[in-house]
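**Student:** The structure follows.
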Amino acid sequence: MIGTEQSITVTINGTTYEREVEARKLLIHFIRDDLDLTGSHIGCDTGNCGACSVLVDGQLVKSCMLLAVQADGAAIETVEGLSDDEDDLTKLQQAFKDRHALQCGYCTPGMLMSATALLRANPHPSDDEIRKGLQGNICRCTGYWNIFEAVKAASE
Amino acid sequence: MLLREVAYAKPKSLAEAIELLAADDGARALAGGQTLINVMKARAGSPDALIDLNGLDELKGIELGADGTLELGAMTTYTEIVESSEARARPILGQVCAQIADVQVRNRGTIGGNVCTNDPTNHLPPLLAALGARFTIQGASGERTVSSDEFFLGVYMTAVGLGEVLTKVSIPAGRNDGFAAVTLGVEGTCIVSAAASLNGSARVALGCVDAIPVVLAPASTDAEAVRAAVRDANLDPPSDVHASSDYRRHLAEVLAVRAIDQAQGVA
C-alpha cells in the first residue's frame with residue numbers, strides 16, 4: 001500500500017507506541033516530537049554529527065537518516081532506555097561521569113548509544129576499535145580524549 | 001528537517017517494487033537512504049514516492065561461486081560486506097567498505113545505493129570499475145547484465161532506468177587489488193580516489209576526476225608507466241573548495257601509483 005501517511009507500531013525502550021505518521025517525518029522527529037522522548041538530540045540534521053544515534057533492532061543508526069515509517073515493527077533503544085535514574089547508571093554512563101567525558105552534554109546521548117553498540121558487539125575493544133566505534137559522533141567540547149578514556153574504562 | 005510531502009510504500013517482493021516504480025515517473029527506490037534522505041532534506045531531489053527496498057530478502061546476501069565469483073545482492077550493507085567471510089575472497093572489497101563514513105552509515109548504506117547514486121566522490125564506482133564488476137538490472141521487461149563501462153553514465157546517472165532496480169553486483173575472482181584516496185578527514189569523502197587490479201592485466205580506475213570512473217590500462221606496473229597512463233588520459237577534473245583541477249590531476253598520478261603498489265603487495 002502506498003500513501004503519504006501510515007500507521008506504525010514501534011517499541012521504544014520496552015514501551016509499544018502506535019501512531020499515525022506522515023511518510024516524510026524523520027525518525028528523530030517522531031521520537032522527540034511525537035513521543036516526547038527528547039534524550040536523543042538533533043545536532044546537524046545532515047547525518048554527520050551522530051547526536052541522534054539510536055539502536056534500531058540492535059543496530060546503531062542515525063535517526064535523522066531514516067524515516068519514521070521505516071521503523072514500523074522495530075524495537076528501538078534510546079538513551080532513556082539505558083537507566084531509570086541517576087543512582088542506577090550503566091557502567092558506561094558511570095564511566096562518563098567519573099572521567100568527565102562530557103562538558104555541554106549535547107553529543108552525549110549519541111556517544112553513549114555508539115559506545116553501547118560497540119561494547120555489546122565487542123566487550124573488550126582495542127584502542128583503535130574504540131576510536132573507530134565513535135567515528136560517527138562529533139564532540140565540540142572534550143577533544144574526545146575523556147570520552148575515549150571512559151569507554152576504555154567501561155570495557156575493562 | 002521537514003521533507004517535502006512524499007508517498008511511501010514497502011513492497012513485499014521485487015516484482016511489486018518494480019510495479020510500483022514503473023507506475024509513477026516520480027517514484028524512486030529507497031535503499032540505505034544515507035544519501036537520498038540528505039538529498040531530500042536539501043531539496044536537491046524531491047521524489048513524489050519512495051519505494052523502500054529494505055525488507056526484500058531477494059536483494060540481500062553474498063554468495064561465493066565455485067569459480068570464485070562473488071555475487072552481492074544490491075541491498076547488502078557495507079557492514080555485512082565487512083563482516084562476510086565470503087566477501088574475503090576479494091579482500092579489497094571489505095577493506096574499502098570499512099573506510100566508508102562511519103559505523104552508523106555502514107550499518108544502513110548499501111552497495112547498490114552507493115553505485116546507483118554514482119556520486120563521483122563515492123568509493124565503490126571506481127573500485128568496482130577496476131575489479132571488472134558486472135551489474136544486473138531488472139525491470140518489467142526482464143533482466144539484463146551490464147559491465148561497469150555501460151553501467152556508469154554520468155554524475156548521479158547509471159544504466160538503471162525508470163521502473164528498474166539494480167538487483168545484483170557480480171565480481172570476478174582475484175586478489176591483487178589496491179585502493180588509495182585522499183579524503184576530507186580520515187575515512188571521509190574522497191577528493192580523488194584510485195583503485196587498481198592486477199588480475200591478468202593492470203587496470204586502474206580513477207574517481208572524482210570526471211563524471212564517471214576513468215578506467216586506464218597502464219602498459220606495466222612500473223610507477224612511471226602508471227603515471228604516463230594517467231597523464232595520457234588528459235584529465236580535466238573540476239576545481240572546488242577542496243582541491244584545484246591541477247592538484248586533482250597531480251593526486252590522480254600519485255594515488256594510481258599507490259593503488260598499484262598495494263595491488264602488488266609492496267605498499
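FYI, nothing fancy with the C-alpha cells labels: chains A, B, ... in order, residues from 1 per chain, ligands from 1 as they appear.
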Quick check: residues of chain B within 10 Å of chain A, only C-alpha atoms, returned as a PyMOL selection string.
**Tutor:** chain B and resi 1-11+20+32-42+48-52+54-55+98-99+101-108+186-187
**Student:** Once you have the residues from the selection above, write them out as a CSV table (one decimal), in the first residue's frame, restricted to C-alpha atoms.
**Tutor:**
```csv
chain,number,residue,atom,x,y,z
B,1,MET,CA,14.2,18.9,9.0
B,2,LEU,CA,10.8,18.5,7.3
B,3,LEU,CA,10.9,16.8,3.9
B,4,ARG,CA,8.6,17.7,1.1
B,5,GLU,CA,5.5,15.6,1.2
B,6,VAL,CA,6.2,12.1,-0.2
B,7,ALA,CA,4.4,8.9,-0.6
B,8,TYR,CA,5.9,5.7,0.7
B,9,ALA,CA,5.5,2.0,0.1
B,10,LYS,CA,7.4,-1.0,1.4
B,11,PRO,CA,6.8,-3.7,-1.2
B,20,LEU,CA,5.3,0.5,-8.0
B,32,GLY,CA,20.0,2.6,2.6
B,33,GLY,CA,18.9,6.2,2.4
B,34,GLN,CA,22.3,7.5,3.6
B,35,THR,CA,22.5,9.8,0.6
B,36,LEU,CA,18.9,10.0,-0.6
B,37,ILE,CA,17.4,11.3,2.7
B,38,ASN,CA,20.0,14.0,2.8
B,39,VAL,CA,19.4,14.9,-0.9
B,40,MET,CA,15.7,15.2,0.0
B,41,LYS,CA,16.4,17.4,3.1
B,42,ALA,CA,18.5,19.8,0.8
B,48,ASP,CA,7.0,12.0,-5.3
B,49,ALA,CA,7.2,8.5,-3.9
B,50,LEU,CA,9.7,6.3,-2.2
B,51,ILE,CA,9.7,2.6,-2.8
B,52,ASP,CA,11.6,1.1,0.1
B,54,ASN,CA,14.6,-2.7,2.7
B,55,GLY,CA,12.9,-6.0,3.6
B,98,ALA,CA,35.3,-0.4,6.1
B,99,GLN,CA,36.6,3.1,5.1
B,101,ALA,CA,32.0,7.2,6.5
B,102,ASP,CA,31.2,5.7,10.0
B,103,VAL,CA,29.6,2.8,11.8
B,104,GLN,CA,26.1,4.2,11.5
B,105,VAL,CA,26.3,4.9,7.8
B,106,ARG,CA,27.9,1.5,7.2
B,107,ASN,CA,25.1,-0.2,9.0
B,108,ARG,CA,22.5,1.3,6.6
B,186,VAL,CA,40.1,10.2,7.9
B,187,GLU,CA,37.7,8.0,6.0
```
**Student:** Report, in Å with one decimal, the straight-line distance from atom CA of Val257 of chain B to atom CA of Val226 of chain B.
**Tutor:**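 Value for the atom CA of Val257 of chain B-atom CA of Val226 of chain B distance: 6.2 Å.
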**Student:** Just the residues within 12 Å of Ala23 of chain B, please, counting only C-alpha atoms, with nothing from its chain fewer than 3 positions along; format it as a list of chain:residue names.
**Tutor:**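 Skipping anything fewer than 3 positions along the chain leaves A:Ile2, B:Glu16, B:Ala17, B:Ile18, B:Glu19, B:Leu20, B:Gly26, B:Ala27, B:Arg28, B:Asp48, B:Ala49, B:Ile51, B:Gly139, B:Ala140, B:Leu162, B:Gly163, B:Glu164.
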**Student:** Convert the current residue selection to file output with N, CA and C atoms, as a PDB file, in the first residue's frame.
**Tutor:**
```pdb
ATOM      1  N   ILE A   2       0.530   2.206  -0.868  1.00  0.00           N
ATOM      2  CA  ILE A   2       1.332   3.416  -0.960  1.00  0.00           C
ATOM      3  C   ILE A   2       0.519   4.594  -0.452  1.00  0.00           C
TER       4      ILE A   2
ATOM      5  N   GLU B  16       6.743  -6.582  -7.030  1.00  0.00           N
ATOM      6  CA  GLU B  16       5.879  -5.494  -6.580  1.00  0.00           C
ATOM      7  C   GLU B  16       6.637  -4.161  -6.585  1.00  0.00           C
ATOM      8  N   ALA B  17       7.906  -4.195  -6.194  1.00  0.00           N
ATOM      9  CA  ALA B  17       8.725  -2.970  -6.196  1.00  0.00           C
ATOM     10  C   ALA B  17       8.831  -2.408  -7.604  1.00  0.00           C
ATOM     11  N   ILE B  18       9.099  -3.269  -8.560  1.00  0.00           N
ATOM     12  CA  ILE B  18       9.241  -2.830  -9.956  1.00  0.00           C
ATOM     13  C   ILE B  18       7.911  -2.274 -10.474  1.00  0.00           C
ATOM     14  N   GLU B  19       6.831  -2.917 -10.093  1.00  0.00           N
ATOM     15  CA  GLU B  19       5.497  -2.450 -10.490  1.00  0.00           C
ATOM     16  C   GLU B  19       5.232  -1.036  -9.940  1.00  0.00           C
ATOM     17  N   LEU B  20       5.568  -0.830  -8.662  1.00  0.00           N
ATOM     18  CA  LEU B  20       5.350   0.479  -8.032  1.00  0.00           C
ATOM     19  C   LEU B  20       6.239   1.549  -8.665  1.00  0.00           C
ATOM     20  N   GLY B  26       7.712   9.759 -10.906  1.00  0.00           N
ATOM     21  CA  GLY B  26       8.304  10.479  -9.777  1.00  0.00           C
ATOM     22  C   GLY B  26       8.691   9.555  -8.628  1.00  0.00           C
ATOM     23  N   ALA B  27       8.559   8.249  -8.823  1.00  0.00           N
ATOM     24  CA  ALA B  27       8.909   7.300  -7.762  1.00  0.00           C
ATOM     25  C   ALA B  27      10.395   6.949  -7.837  1.00  0.00           C
ATOM     26  N   ARG B  28      11.022   6.818  -6.684  1.00  0.00           N
ATOM     27  CA  ARG B  28      12.430   6.432  -6.632  1.00  0.00           C
ATOM     28  C   ARG B  28      12.600   5.306  -5.610  1.00  0.00           C
ATOM     29  N   ASP B  48       8.403  12.011  -5.696  1.00  0.00           N
ATOM     30  CA  ASP B  48       6.985  12.015  -5.292  1.00  0.00           C
ATOM     31  C   ASP B  48       6.675  10.802  -4.417  1.00  0.00           C
ATOM     32  N   ALA B  49       7.410   9.728  -4.664  1.00  0.00           N
ATOM     33  CA  ALA B  49       7.150   8.499  -3.904  1.00  0.00           C
ATOM     34  C   ALA B  49       8.458   7.759  -3.665  1.00  0.00           C
ATOM     35  N   ILE B  51       9.973   4.045  -2.845  1.00  0.00           N
ATOM     36  CA  ILE B  51       9.686   2.614  -2.807  1.00  0.00           C
ATOM     37  C   ILE B  51      10.833   1.974  -2.026  1.00  0.00           C
ATOM     38  N   GLY B 139      13.795  -5.067 -14.721  1.00  0.00           N
ATOM     39  CA  GLY B 139      12.645  -4.199 -14.955  1.00  0.00           C
ATOM     40  C   GLY B 139      11.471  -5.051 -15.390  1.00  0.00           C
ATOM     41  N   ALA B 140      10.391  -4.384 -15.767  1.00  0.00           N
ATOM     42  CA  ALA B 140       9.192  -5.121 -16.150  1.00  0.00           C
ATOM     43  C   ALA B 140       9.450  -6.032 -17.342  1.00  0.00           C
ATOM     44  N   LEU B 162      14.100   4.348 -15.245  1.00  0.00           N
ATOM     45  CA  LEU B 162      12.836   4.443 -14.503  1.00  0.00           C
ATOM     46  C   LEU B 162      12.156   3.074 -14.518  1.00  0.00           C
ATOM     47  N   GLY B 163      11.614   2.683 -13.410  1.00  0.00           N
ATOM     48  CA  GLY B 163      10.921   1.400 -13.344  1.00  0.00           C
ATOM     49  C   GLY B 163      11.851   0.203 -13.282  1.00  0.00           C
ATOM     50  N   GLU B 164      13.145   0.469 -13.042  1.00  0.00           N
ATOM     51  CA  GLU B 164      14.101  -0.643 -12.945  1.00  0.00           C
ATOM     52  C   GLU B 164      14.796  -0.629 -11.587  1.00  0.00           C
TER      53      GLU B 164
END
```
**Student:** Go ahead and compute the interatomic distance for atom CA of Asp246 of chain B and atom CA of Gly132 of chain B, in Å to one decimal.
**Tutor:**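 That distance, rounded to one decimal, is 28.5 Å.
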**Student:** Got a sec: who's within 9 Å of segment 99-107 of chain A, counting only C-alpha atoms, leaving out chain neighbours fewer than 3 positions off, as JSON, numbers by chain?
**Tutor:** {"A": [41, 42, 43, 49, 50, 51, 52, 94, 95, 96, 110, 111, 112, 137, 138, 139, 140, 141, 142, 144, 145, 146, 147, 148, 149, 150, 153]}
